[in-house]
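protein05.cif follows; it contains mmCIF, C-alpha atoms and all ligand atoms.
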```
data_input
loop_
_atom_site.label_atom_id
_atom_site.label_comp_id
_atom_site.auth_asym_id
_atom_site.auth_seq_id
_atom_site.Cartn_x
_atom_site.Cartn_y
_atom_site.Cartn_z
CA MET A 81 -0.32 -2.97 13.73
CA GLY A 82 -1.52 0.62 13.21
CA HIS A 83 -1.90 1.77 9.67
CA PHE A 84 -4.04 4.07 7.53
CA TYR A 85 -4.77 4.97 3.94
CA PHE A 86 -4.46 8.40 2.37
CA VAL A 87 -6.24 9.69 -0.74
CA ARG A 88 -5.72 13.04 -2.42
CA HIS A 89 -8.88 14.75 -3.70
CA GLY A 90 -9.87 14.45 -7.37
CA GLN A 91 -9.04 17.05 -10.02
CA THR A 92 -10.23 20.62 -9.30
CA VAL A 93 -10.89 23.68 -11.46
CA TRP A 94 -7.71 25.30 -10.12
CA ASN A 95 -5.69 22.12 -10.75
CA VAL A 96 -6.66 22.48 -14.42
CA GLU A 97 -5.79 26.17 -14.37
CA ASN A 98 -2.51 25.34 -12.61
CA LYS A 99 -3.15 27.74 -9.73
CA ILE A 100 -1.92 27.44 -6.16
CA CYS A 101 -4.85 26.24 -4.11
CA GLY A 102 -4.50 26.14 -0.35
CA ALA A 103 -7.33 27.37 1.84
CA ALA A 104 -9.32 28.51 -1.24
CA ASP A 105 -12.23 26.21 -2.01
CA SER A 106 -11.86 25.31 -5.69
CA PRO A 107 -14.47 22.63 -6.54
CA LEU A 108 -13.96 19.25 -8.20
CA THR A 109 -14.31 19.11 -11.96
CA GLU A 110 -16.47 16.43 -13.56
CA LYS A 111 -13.28 14.45 -14.11
CA GLY A 112 -12.46 14.95 -10.41
CA HIS A 113 -15.78 13.35 -9.42
CA GLU A 114 -15.09 10.47 -11.81
CA GLN A 115 -11.61 9.95 -10.33
CA ALA A 116 -13.12 9.87 -6.83
CA LYS A 117 -15.75 7.32 -7.93
CA GLU A 118 -13.08 5.17 -9.56
CA THR A 119 -10.98 5.21 -6.38
CA GLY A 120 -14.14 4.32 -4.42
CA ARG A 121 -14.85 1.40 -6.78
CA MET A 122 -11.29 0.13 -6.47
CA LEU A 123 -11.35 0.41 -2.66
CA LYS A 124 -14.72 -1.36 -2.50
CA GLU A 125 -13.34 -4.24 -4.53
CA ARG A 126 -10.37 -4.53 -2.18
CA ILE A 127 -12.61 -4.29 0.91
CA ASP A 128 -15.05 -6.89 -0.47
CA ASN A 129 -12.36 -9.42 -1.22
CA GLY A 130 -10.74 -8.98 2.20
CA GLU A 131 -7.54 -7.37 0.94
CA ILE A 132 -8.16 -4.31 3.11
CA HIS A 133 -10.45 -3.07 5.87
CA ILE A 134 -11.48 0.57 6.58
CA ASP A 135 -13.49 1.66 9.63
CA GLN A 136 -13.83 5.37 8.99
CA ILE A 137 -13.13 8.07 6.39
CA LEU A 138 -11.65 11.29 7.81
CA THR A 139 -11.76 14.24 5.44
CA SER A 140 -10.52 17.79 5.16
CA PRO A 141 -13.46 20.22 5.38
CA LEU A 142 -12.66 21.79 1.97
CA SER A 143 -15.23 20.79 -0.65
CA ARG A 144 -12.73 19.17 -3.07
CA ALA A 145 -11.73 16.69 -0.36
CA TYR A 146 -15.16 16.41 1.25
CA ASP A 147 -16.83 15.63 -2.10
CA THR A 148 -14.12 13.08 -2.89
CA ALA A 149 -14.71 11.47 0.51
CA VAL A 150 -18.48 11.37 -0.06
CA GLU A 151 -18.03 9.67 -3.45
CA ILE A 152 -15.80 7.05 -1.81
CA SER A 153 -18.25 6.66 1.06
CA HIS A 154 -21.15 6.08 -1.38
CA MET A 155 -19.18 3.35 -3.10
CA THR A 156 -17.80 1.63 -0.01
CA GLY A 157 -20.42 2.31 2.67
CA VAL A 158 -17.67 3.53 5.04
CA PRO A 159 -18.89 6.57 7.08
CA VAL A 160 -17.29 10.04 6.66
CA THR A 161 -16.24 12.41 9.45
CA VAL A 162 -14.73 15.87 8.93
CA GLU A 163 -11.28 16.21 10.55
CA PRO A 164 -10.44 19.96 10.62
CA ARG A 165 -6.71 19.25 10.95
CA LEU A 166 -6.70 17.82 7.41
CA ILE A 167 -7.45 21.21 5.80
CA GLU A 168 -4.84 22.29 3.22
CA GLN A 169 -2.09 24.71 4.18
CA ASN A 170 -3.13 28.34 3.65
CA PHE A 171 -0.59 29.78 1.20
CA GLY A 172 -1.47 33.42 2.07
CA LYS A 173 -0.52 35.87 -0.66
CA TRP A 174 0.34 33.03 -3.06
CA GLU A 175 -3.20 31.64 -3.22
CA GLY A 176 -4.47 31.66 -6.81
CA THR A 177 -1.07 32.51 -8.35
CA ALA A 178 0.78 30.27 -10.86
CA ARG A 179 1.61 26.91 -9.30
CA ASP A 180 5.06 26.44 -10.79
CA GLY A 181 6.34 29.95 -10.03
CA ALA A 182 9.96 30.06 -8.84
CA ALA A 183 9.20 32.74 -6.23
CA PHE A 184 6.66 30.47 -4.52
CA ALA A 185 9.13 27.58 -4.50
CA ARG A 186 11.68 29.85 -2.80
CA ALA A 187 9.09 31.13 -0.31
CA LYS A 188 8.32 27.58 0.78
CA GLU A 189 11.94 27.10 1.83
CA SER A 190 11.32 29.46 4.78
CA PHE A 191 9.70 27.00 7.12
CA ALA A 192 8.69 29.51 9.77
CA ASP A 193 7.15 32.05 7.38
CA SER A 194 3.38 32.19 6.96
CA TYR A 195 3.30 33.84 3.51
CA GLY A 196 1.51 36.97 4.73
CA GLY A 197 -1.58 35.73 6.52
CA GLY A 198 -1.24 32.04 5.68
CA GLU A 199 0.12 29.10 7.65
CA SER A 200 3.82 28.29 8.04
CA MET A 201 5.28 24.85 7.33
CA MET A 202 6.05 24.50 11.02
CA ARG A 203 2.46 25.19 12.07
CA LEU A 204 1.29 22.71 9.44
CA ALA A 205 3.74 20.10 10.74
CA GLN A 206 2.45 20.67 14.26
CA ARG A 207 -1.17 19.84 13.44
CA ILE A 208 -0.44 17.00 11.02
CA TYR A 209 2.12 15.32 13.31
CA ASN A 210 -0.38 15.65 16.19
CA LEU A 211 -3.00 13.97 14.04
CA MET A 212 -0.53 11.19 13.17
CA ASP A 213 0.23 10.69 16.88
CA ASP A 214 -3.51 10.45 17.59
CA LEU A 215 -4.08 7.87 14.81
CA ARG A 216 -1.16 5.86 16.11
CA LYS A 217 -2.82 5.59 19.53
CA GLU A 218 -5.68 3.57 18.02
CA PRO A 219 -3.93 0.73 16.15
CA GLU A 220 -7.08 -1.39 16.06
CA LYS A 221 -8.93 1.22 13.97
CA THR A 222 -8.12 1.79 10.28
CA CYS A 223 -8.94 5.17 8.74
CA LEU A 224 -8.88 6.50 5.21
CA LEU A 225 -7.74 10.14 5.18
CA VAL A 226 -8.95 12.31 2.31
CA ALA A 227 -7.00 15.53 1.92
CA HIS A 228 -4.51 17.49 -0.16
CA ASN A 229 -1.06 17.46 -1.74
CA GLY A 230 0.40 19.73 0.96
CA ILE A 231 -0.94 17.36 3.59
CA SER A 232 0.40 14.26 1.82
CA ARG A 233 3.86 15.87 1.79
CA MET A 234 3.76 16.54 5.53
CA ILE A 235 2.50 13.02 6.26
CA GLU A 236 5.29 11.56 4.12
CA SER A 237 7.82 13.53 6.18
CA TYR A 238 6.41 12.03 9.40
CA PHE A 239 7.36 8.58 8.11
CA ARG A 240 10.74 9.14 6.50
CA ASP A 241 13.67 11.53 6.31
CA MET A 242 13.58 13.86 3.33
CA SER A 243 15.95 16.54 2.05
CA ASN A 244 14.39 20.00 1.61
CA GLU A 245 14.41 19.41 -2.16
CA GLU A 246 12.65 16.06 -1.86
CA PHE A 247 10.13 17.54 0.53
CA ALA A 248 9.36 20.43 -1.84
CA ALA A 249 9.06 18.14 -4.87
CA PHE A 250 6.94 15.45 -3.18
CA GLY A 251 3.39 15.12 -4.44
CA ILE A 252 0.78 12.53 -5.30
CA LYS A 253 -1.76 12.30 -8.12
CA ASN A 254 -5.39 13.27 -7.86
CA ALA A 255 -7.38 10.46 -6.20
CA GLU A 256 -4.22 8.37 -5.68
CA VAL A 257 -4.25 6.00 -2.68
CA ARG A 258 -1.24 5.50 -0.40
CA GLU A 259 -0.82 3.34 2.66
CA TYR A 260 1.19 4.24 5.79
CA THR A 261 2.15 1.94 8.67
CA PHE A 262 3.36 3.09 12.07
CA GLU A 263 6.69 1.27 12.04
CA ASP A 264 7.48 1.47 15.76
CA ASP A 265 4.22 -0.21 16.60
CA ARG A 266 5.06 -3.30 14.60
CA PRO A 267 6.08 -6.41 16.47
CA ASP A 268 9.84 -6.27 17.05
CA ASP A 269 10.42 -9.55 15.21
CA ARG A 270 10.47 -7.94 11.78
CA THR A 271 12.17 -9.85 8.98
CA ASP A 272 15.58 -8.70 7.81
CA TYR A 273 15.01 -9.06 4.08
CA ASP A 274 18.57 -8.02 3.22
CA LEU A 275 19.81 -10.97 5.23
CA LEU A 276 17.16 -13.29 3.82
CA CYS A 277 18.15 -12.32 0.26
CA GLN A 278 21.82 -12.96 1.04
CA GLN A 279 20.97 -16.34 2.50
CA VAL A 280 18.89 -17.48 -0.46
CA THR A 281 21.62 -16.31 -2.85
CA GLY A 282 24.12 -18.47 -0.96
CA LEU A 283 21.82 -21.48 -0.95
CA MET A 284 21.19 -21.28 -4.69
CA ASP A 285 24.84 -20.85 -5.67
CA GLY A 286 25.66 -23.07 -8.67
CA MET A 287 22.38 -24.94 -8.37
CA GLU A 288 20.42 -25.56 -11.55
CA SER A 289 17.55 -27.75 -10.45
CA HIS A 290 14.39 -25.75 -9.87
CA ILE A 291 13.10 -28.27 -7.39
CA THR A 292 16.24 -27.95 -5.32
CA ILE A 293 16.20 -24.14 -5.44
CA LEU A 294 12.53 -23.85 -4.55
CA SER A 295 12.72 -26.50 -1.81
CA ASN A 296 15.44 -24.69 0.07
CA ALA A 297 13.78 -21.31 -0.57
CA ALA A 298 10.55 -22.59 1.02
CA ALA A 299 12.44 -24.02 3.99
CA LEU A 300 14.35 -20.76 4.46
CA LEU A 301 11.18 -18.64 4.40
CA TYR A 302 9.40 -21.01 6.76
CA GLU A 303 12.26 -20.87 9.22
CA MET A 304 13.00 -17.14 9.01
CA LEU A 305 9.59 -15.46 8.79
CA PRO A 306 7.85 -15.07 12.14
CA ARG A 307 4.11 -15.67 12.54
CA ILE A 308 3.54 -17.80 9.44
CA ASN A 309 2.10 -21.31 9.07
CA TRP A 310 2.78 -22.13 5.39
CA ALA A 311 5.38 -21.07 2.83
CA GLY A 312 5.81 -22.55 -0.61
CA PHE A 313 5.31 -22.49 -4.34
CA TYR A 314 2.68 -23.29 -6.91
CA ILE A 315 3.92 -23.87 -10.45
CA SER A 316 2.01 -23.01 -13.66
CA HIS A 317 0.88 -25.92 -15.80
CA GLY A 318 -1.40 -24.85 -18.63
CA ASP A 319 -4.24 -22.88 -17.09
CA GLU A 320 -3.75 -24.09 -13.54
CA LEU A 321 -1.24 -24.00 -10.72
CA LEU A 322 0.13 -27.23 -9.27
CA LEU A 323 1.57 -27.59 -5.79
CA GLY A 324 5.37 -27.25 -5.70
CA PRO A 325 7.96 -27.39 -2.91
CA PHE A 326 6.59 -26.09 0.41
CA GLN A 327 6.74 -26.22 4.21
CA GLY A 328 3.63 -26.47 6.36
CA LYS A 329 0.52 -28.60 6.40
CA THR A 330 -0.44 -30.62 3.32
CA ALA A 331 -2.08 -28.32 0.79
CA CYS A 332 -4.49 -28.42 -2.14
CA VAL A 333 -2.67 -29.65 -5.22
CA ARG A 334 -4.45 -27.80 -8.04
CA ILE A 335 -5.57 -24.18 -8.23
CA PRO A 336 -7.17 -22.99 -11.49
CA TYR A 337 -5.97 -19.60 -12.80
CA GLY A 338 -8.28 -16.88 -11.49
CA GLN A 339 -9.31 -18.83 -8.38
CA GLY A 340 -8.24 -18.35 -4.77
CA VAL A 341 -5.59 -15.85 -3.82
CA CYS A 342 -2.90 -17.77 -5.71
CA GLY A 343 -4.91 -18.14 -8.90
CA THR A 344 -5.96 -14.48 -8.80
CA ALA A 345 -2.39 -13.23 -8.28
CA ALA A 346 -1.20 -15.46 -11.15
CA ALA A 347 -4.02 -14.44 -13.51
CA GLU A 348 -3.67 -10.72 -12.73
CA ASN A 349 0.13 -10.92 -12.55
CA ARG A 350 0.42 -8.88 -9.35
CA THR A 351 1.33 -9.37 -5.73
CA ILE A 352 -1.74 -9.72 -3.53
CA ALA A 353 -1.61 -9.29 0.25
CA VAL A 354 -4.88 -10.26 1.91
CA GLU A 355 -5.57 -8.81 5.38
CA ASN A 356 -8.31 -11.33 6.16
CA VAL A 357 -8.58 -14.44 3.99
CA HIS A 358 -12.10 -15.17 5.26
CA LYS A 359 -13.30 -12.11 3.39
CA PHE A 360 -11.49 -12.95 0.14
CA ALA A 361 -14.10 -14.21 -2.30
CA GLY A 362 -12.96 -17.67 -3.40
CA HIS A 363 -10.13 -18.06 -0.91
CA ILE A 364 -9.02 -21.69 -0.87
CA ALA A 365 -8.51 -22.79 2.74
CA CYS A 366 -5.75 -25.33 3.17
CA ASP A 367 -5.07 -24.80 6.87
CA SER A 368 -8.02 -23.52 8.92
CA ALA A 369 -5.55 -21.59 11.09
CA SER A 370 -4.67 -19.24 8.20
CA GLN A 371 -5.95 -15.69 8.62
CA SER A 372 -3.89 -13.63 6.19
CA GLU A 373 -1.86 -14.41 3.10
CA ILE A 374 0.55 -12.95 0.55
CA VAL A 375 1.09 -14.24 -2.97
CA VAL A 376 3.86 -13.03 -5.31
CA PRO A 377 3.89 -14.06 -9.01
CA ILE A 378 7.07 -15.62 -10.41
CA HIS A 379 8.24 -15.34 -14.03
CA LYS A 380 10.72 -17.24 -16.12
CA ASP A 381 11.93 -15.96 -19.49
CA GLY A 382 9.24 -13.28 -19.35
CA ARG A 383 6.44 -15.84 -18.92
CA ALA A 384 4.38 -16.83 -15.88
CA TYR A 385 6.21 -19.54 -13.95
CA GLY A 386 4.09 -19.81 -10.80
CA VAL A 387 3.65 -18.08 -7.45
CA LEU A 388 5.21 -17.82 -4.02
CA ASP A 389 2.49 -18.26 -1.38
CA ILE A 390 2.81 -17.52 2.34
CA ASP A 391 0.04 -17.93 4.95
CA SER A 392 -0.13 -16.52 8.45
CA PRO A 393 -2.27 -17.43 11.47
CA VAL A 394 -2.63 -13.69 12.36
CA LEU A 395 -4.75 -11.07 10.61
CA ASN A 396 -3.04 -8.40 8.51
CA ARG A 397 0.39 -10.05 8.87
CA PHE A 398 1.90 -8.75 5.63
CA ASP A 399 2.65 -5.07 5.04
CA ASN A 400 4.54 -3.08 2.42
CA ALA A 401 7.93 -4.04 3.87
CA ASP A 402 7.02 -7.74 3.45
CA ARG A 403 5.65 -7.11 -0.03
CA GLU A 404 8.83 -5.35 -1.14
CA GLY A 405 11.12 -7.84 0.62
CA LEU A 406 9.37 -10.87 -0.87
CA GLU A 407 9.29 -9.34 -4.35
CA ARG A 408 13.07 -8.88 -4.06
CA PHE A 409 13.39 -12.48 -2.88
CA VAL A 410 11.40 -13.70 -5.89
CA LYS A 411 13.53 -11.62 -8.28
CA LEU A 412 16.60 -13.50 -7.00
CA LEU A 413 14.91 -16.86 -7.60
CA GLU A 414 13.91 -15.75 -11.09
CA ALA A 415 17.47 -14.67 -11.90
CA GLU A 416 18.93 -17.99 -10.70
CA MET A 417 16.33 -20.09 -12.51
CA ALA A 418 16.89 -18.14 -15.72
CA ASN A 419 20.48 -19.54 -15.71
CA GLU A 420 19.25 -23.05 -16.19
N1 LIG B 501 -5.05 -20.05 0.19
C1 LIG B 501 -4.55 -20.27 -1.13
C2 LIG B 501 -4.44 -21.72 -1.47
C3 LIG B 501 -3.12 -22.32 -1.15
S1 LIG B 501 -2.84 -22.58 0.47
O1 LIG B 501 -2.97 -21.35 1.24
C4 LIG B 501 -1.37 -23.25 0.73
C5 LIG B 501 -5.46 -19.58 -2.13
O2 LIG B 501 -6.56 -19.09 -1.81
O3 LIG B 501 -5.06 -19.49 -3.28
#
```

Please re-express this file's structure in structure tokens.
Ligand code: SME
Amino acid sequence: MGHFYFVRHGQTVWNVENKICGAADSPLTEKGHEQAKETGRMLKERIDNGEIHIDQILTSPLSRAYDTAVEISHMTGVPVTVEPRLIEQNFGKWEGTARDGAAFARAKESFADSYGGGESMMRLAQRIYNLMDDLRKEPEKTCLLVAHNGISRMIESYFRDMSNEEFAAFGIKNAEVREYTFEDDRPDDRTDYDLLCQQVTGLMDGMESHITILSNAAALLYEMLPRINWAGFYISHGDELLLGPFQGKTACVRIPYGQGVCGTAAAENRTIAVENVHKFAGHIACDSASQSEIVVPIHKDGRAYGVLDIDSPVLNRFDNADREGLERFVKLLEAEMANE
């Protein structure tokens, strides 16, 4: 499934001065370098533990992006290539003027206007959408794009409908990382999480026993999610997780907090989707067929209750849609179990 990561450059001198910076080459501040290093450190950690994989960094030629890309490359060891199409939009006569000026906001509503010597929104869309189409043609390769706010906005619009107001207001933070997946290229057996949530709600109706709720929830997930080989729960007991209701091959019964994907997700209280479990330091293999995994923490009365764990025999099985869908699913379980 084709996907890529996008990072905006770190803080620049003109960001601090709140000036419009398009084709002008305002350098990173010291803080900007630090932000880039921090993003590089975070990405390296995720690469090392198998959560993500990146083949190549593509960067805008402007120094604020290029230097950000180089910092990330130093940290991660992923090579950098300049991609001229990632250069920021040239804002013509507005370059260097106040960033929050109302006149500039109005000017940007004219999509075919190039601001007196700059680049129009339509021209920008042409080159960025072409780049997106090119990335989509190589689904086996994963790139990290390092570029600008104006570019992030155009990329966002490639992936979803936006009103003019949303488009104008869209922006991301310095050195923030986002992930995009080419939806059409996904297998056409995607899960309908709305339906799944309705089904689990029906199954839980009036049921108080946790074992009963979780047993049917595991069976439902196992039946409804394509390309998985294990679905079930681990429940917190002191500082470890014990095997709960599940479907799939017999599994390890105890996982200490902080160990394996389940123990890490529980200890860090966050959903973890692992692209390749063989690269996850400390992954606990229950079924040798498992290649990727997602773990969602579960809470009861504001405290850790356990985790939902799902394994897949294919690499990179779980994307943002699965993450969001399964987090919604878990919220429903939490709400029902809170009624006990
Ligand atoms: N792989 C998990 C252990 C549980 S089994 O996948 C069912 C982990 O690393 O936590």

Taking only C-alpha atoms and all ligand atoms into account, which residues have an atom no farther than 7 Å from ligand LIG 501 (chain B)? I'd like them as a list in words.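 What falls inside 7 Å of ligand LIG 501 (chain B) is Trp310, Ala331, Cys332, Ile335, Gln339, Gly340, Val341, Cys342, Gly343, Gly362, His363, Ile364, Ala365, Cys366, Asp367, Asp389 and Asp391 of chain A.
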
State, in Å with one decimal place, the distance from atom CA of Met304 of chain A to atom CA of Arg258 of chain A.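 Distance between the two atoms: 28.4 Å.
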
Counting only C-alpha atoms, figure out which residue out of A:Val162, A:Val375, A:Met287, A:Leu275 gets nearest to Glu355 of chain A. A:Val375

Report, in Å with one decimal, the straight-line distance from atom CA of Cys277 of chain A to atom CA of Arg403 of chain A. 13.5 Å

Around (7.1, 27.7, 8.7) in the file's own coordinates, what residues are found within 12 Å if you use only C-alpha atoms, given back as number ranges by chain? A: 169-171, 187-196, 198-206

Tell me which protein, DNA and RNA residues are within 12 Å of Glu288 of chain A, counting all atoms listed in the file, leaving out same-chain ones fewer than 5 positions away, and put them as a PyMOL selection string. chain A and resi 283+293-294+413-420

Mind checking which residues fall within 10 Å of Thr271 of chain A, counting all atoms listed in the file, ignoring those fewer than 3 positions away in the same chain, and posting them as an MDAnalysis selection string? chainID A and resid 268 274:276 301 304:306 401:402 405

Dump of C-alpha atoms for the selected residues, as a short mmCIF file (atom, residue, chain, number, x, y, z; two decimals), in the coordinates of the input:
```cif
data_model
loop_
_atom_site.label_atom_id
_atom_site.label_comp_id
_atom_site.auth_asym_id
_atom_site.auth_seq_id
_atom_site.Cartn_x
_atom_site.Cartn_y
_atom_site.Cartn_z
CA ASP A 268 9.84 -6.27 17.05
CA ASP A 274 18.57 -8.02 3.22
CA LEU A 275 19.81 -10.97 5.23
CA LEU A 276 17.16 -13.29 3.82
CA LEU A 301 11.18 -18.64 4.40
CA MET A 304 13.00 -17.14 9.01
CA LEU A 305 9.59 -15.46 8.79
CA PRO A 306 7.85 -15.07 12.14
CA ALA A 401 7.93 -4.04 3.87
CA ASP A 402 7.02 -7.74 3.45
CA GLY A 405 11.12 -7.84 0.62
#
```

Looking at all atoms listed in the file, which of A:Ala297, A:Ala249, A:Leu108, A:Val333 is the one that sits closest to Val410 of chain A?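 Between A:Ala297, A:Ala249, A:Leu108, A:Val333, the residue approaching Val410 of chain A most closely is A:Ala297.
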
Point-to-point distance in Å for atom CA of Ile132 of chain A and atom CA of Ala299 of chain A: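 That distance, rounded to one decimal, is 28.5 Å.
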
Per-residue nearest contacts of segment 201-271 of chain A to segment 96-107 of chain A (10 Å; only C-alpha atoms) as JSON lines:
```
{"residue": "A:His228", "atom": "CA", "partner": "A:Gly102", "partner_atom": "CA", "distance": 8.7}
{"residue": "A:Asn229", "atom": "CA", "partner": "A:Gly102", "partner_atom": "CA", "distance": 9.4}
{"residue": "A:Gly230", "atom": "CA", "partner": "A:Gly102", "partner_atom": "CA", "distance": 8.2}
```

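Candidate residues A:His133, A:Arg165, A:Lys253, A:Lys217 were compared for distance to Gln91 of chain A, and the nearest is A:Lys253, using only C-alpha atoms.
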
Report as a tab-separated table the residues of segment 231-350 of chain A within 9 Å of segment 110-127 of chain A, each with its shortest atom pair and distance in Å (one decimal), using all atoms listed in the file, ordered by chain and increasing residue number.
```
residue	atom	partner	partner_atom	distance
A:Asn254	CA	A:Gln115	CA	7.5
A:Ala255	CA	A:Ala116	CA	5.8
A:Glu256	CA	A:Thr119	CA	7.5
A:Val257	CA	A:Thr119	CA	7.7
```

Store the residues picked out above in a file with C-alpha atoms, as a PDB file, in the frame of the given file.
```
ATOM      1  CA  ASN A 254      -5.390  13.270  -7.860  1.00  0.00           C
ATOM      2  CA  ALA A 255      -7.380  10.460  -6.200  1.00  0.00           C
ATOM      3  CA  GLU A 256      -4.220   8.370  -5.680  1.00  0.00           C
ATOM      4  CA  VAL A 257      -4.250   6.000  -2.680  1.00  0.00           C
TER       5      VAL A 257
END
```

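The list of residues with at least one atom within 8 Å of Tyr385 of chain A, based on all atoms listed in the file and without residues fewer than 6 positions apart in the same chain, reads Ile315, Ser316, Pro377, Ile378 and His379 of chain A.
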
Using all atoms listed in the file, find the one residue out of A:Ala361, A:Arg179, A:Thr351, A:Glu320 that sits nearest to Tyr337 of chain A.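 When distances to Tyr337 of chain A are compared using all atoms listed in the file, the smallest one comes from A:Glu320.
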
Would you please work out which residue, of A:Gly338, A:Glu218, A:Leu412, A:Asn210, is nearest to Met284 of chain A when using all atoms listed in the file?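 For Met284 of chain A, the nearest of the given residues is A:Leu412.
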
I'd like the neighbourhood of Tyr85 of chain A as a count of residues only, where a residue qualifies if any of its atoms comes within 7 Å (using all atoms listed in the file), though same-chain residues fewer than 4 positions away should be ignored. 7

Return the single residue from A:Asn309, A:Thr330, A:Ser153, A:Thr292 that is closest to Val226 of chain A, with distances computed using all atoms listed in the file. A:Ser153

Neighbouring residues of Asn296 of chain A were defined as those with any atom within 10 Å, considering all atoms listed in the file; residues of the same chain fewer than 5 positions away were excluded. Please report them as a PyMOL selection string. chain A and resi 280+283-284+291+301-302+312+325-327

Please reconstruct the missing atoms of segment 220-235 of chain A (target: N, CA and C atoms) and return them as a short mmCIF file (atom, residue, chain, number, x, y, z; two decimals), in the coordinates of the input.
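Final file, result-v3.cif:
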```cif
data_model
loop_
_atom_site.label_atom_id
_atom_site.label_comp_id
_atom_site.auth_asym_id
_atom_site.auth_seq_id
_atom_site.Cartn_x
_atom_site.Cartn_y
_atom_site.Cartn_z
N GLU A 220 -6.05 -0.43 16.47
CA GLU A 220 -7.08 -1.39 16.06
C GLU A 220 -8.06 -0.77 15.06
N LYS A 221 -7.98 0.56 14.88
CA LYS A 221 -8.93 1.22 13.97
C LYS A 221 -8.19 1.66 12.70
N THR A 222 -8.78 1.39 11.53
CA THR A 222 -8.12 1.79 10.28
C THR A 222 -8.92 2.89 9.60
N CYS A 223 -8.27 4.03 9.37
CA CYS A 223 -8.94 5.17 8.74
C CYS A 223 -8.43 5.38 7.32
N LEU A 224 -9.29 6.00 6.53
CA LEU A 224 -8.88 6.50 5.21
C LEU A 224 -8.93 8.02 5.32
N LEU A 225 -7.80 8.68 5.10
CA LEU A 225 -7.74 10.14 5.18
C LEU A 225 -7.91 10.70 3.77
N VAL A 226 -8.79 11.68 3.62
CA VAL A 226 -8.95 12.31 2.31
C VAL A 226 -8.54 13.77 2.46
N ALA A 227 -7.51 14.17 1.74
CA ALA A 227 -7.00 15.53 1.92
C ALA A 227 -6.24 16.00 0.68
N HIS A 228 -5.14 16.68 0.88
CA HIS A 228 -4.51 17.49 -0.16
C HIS A 228 -3.03 17.14 -0.36
N ASN A 229 -2.47 17.71 -1.45
CA ASN A 229 -1.06 17.46 -1.74
C ASN A 229 -0.15 17.96 -0.61
N GLY A 230 -0.43 19.16 -0.11
CA GLY A 230 0.40 19.73 0.96
C GLY A 230 0.35 18.86 2.21
N ILE A 231 -0.79 18.22 2.42
CA ILE A 231 -0.94 17.36 3.59
C ILE A 231 -0.20 16.04 3.36
N SER A 232 -0.28 15.54 2.12
CA SER A 232 0.40 14.26 1.82
C SER A 232 1.90 14.42 2.04
N ARG A 233 2.43 15.59 1.66
CA ARG A 233 3.86 15.87 1.79
C ARG A 233 4.27 15.85 3.28
N MET A 234 3.44 16.48 4.10
CA MET A 234 3.76 16.54 5.53
C MET A 234 3.65 15.16 6.16
N ILE A 235 2.65 14.39 5.73
CA ILE A 235 2.50 13.02 6.26
C ILE A 235 3.71 12.19 5.86
#
```
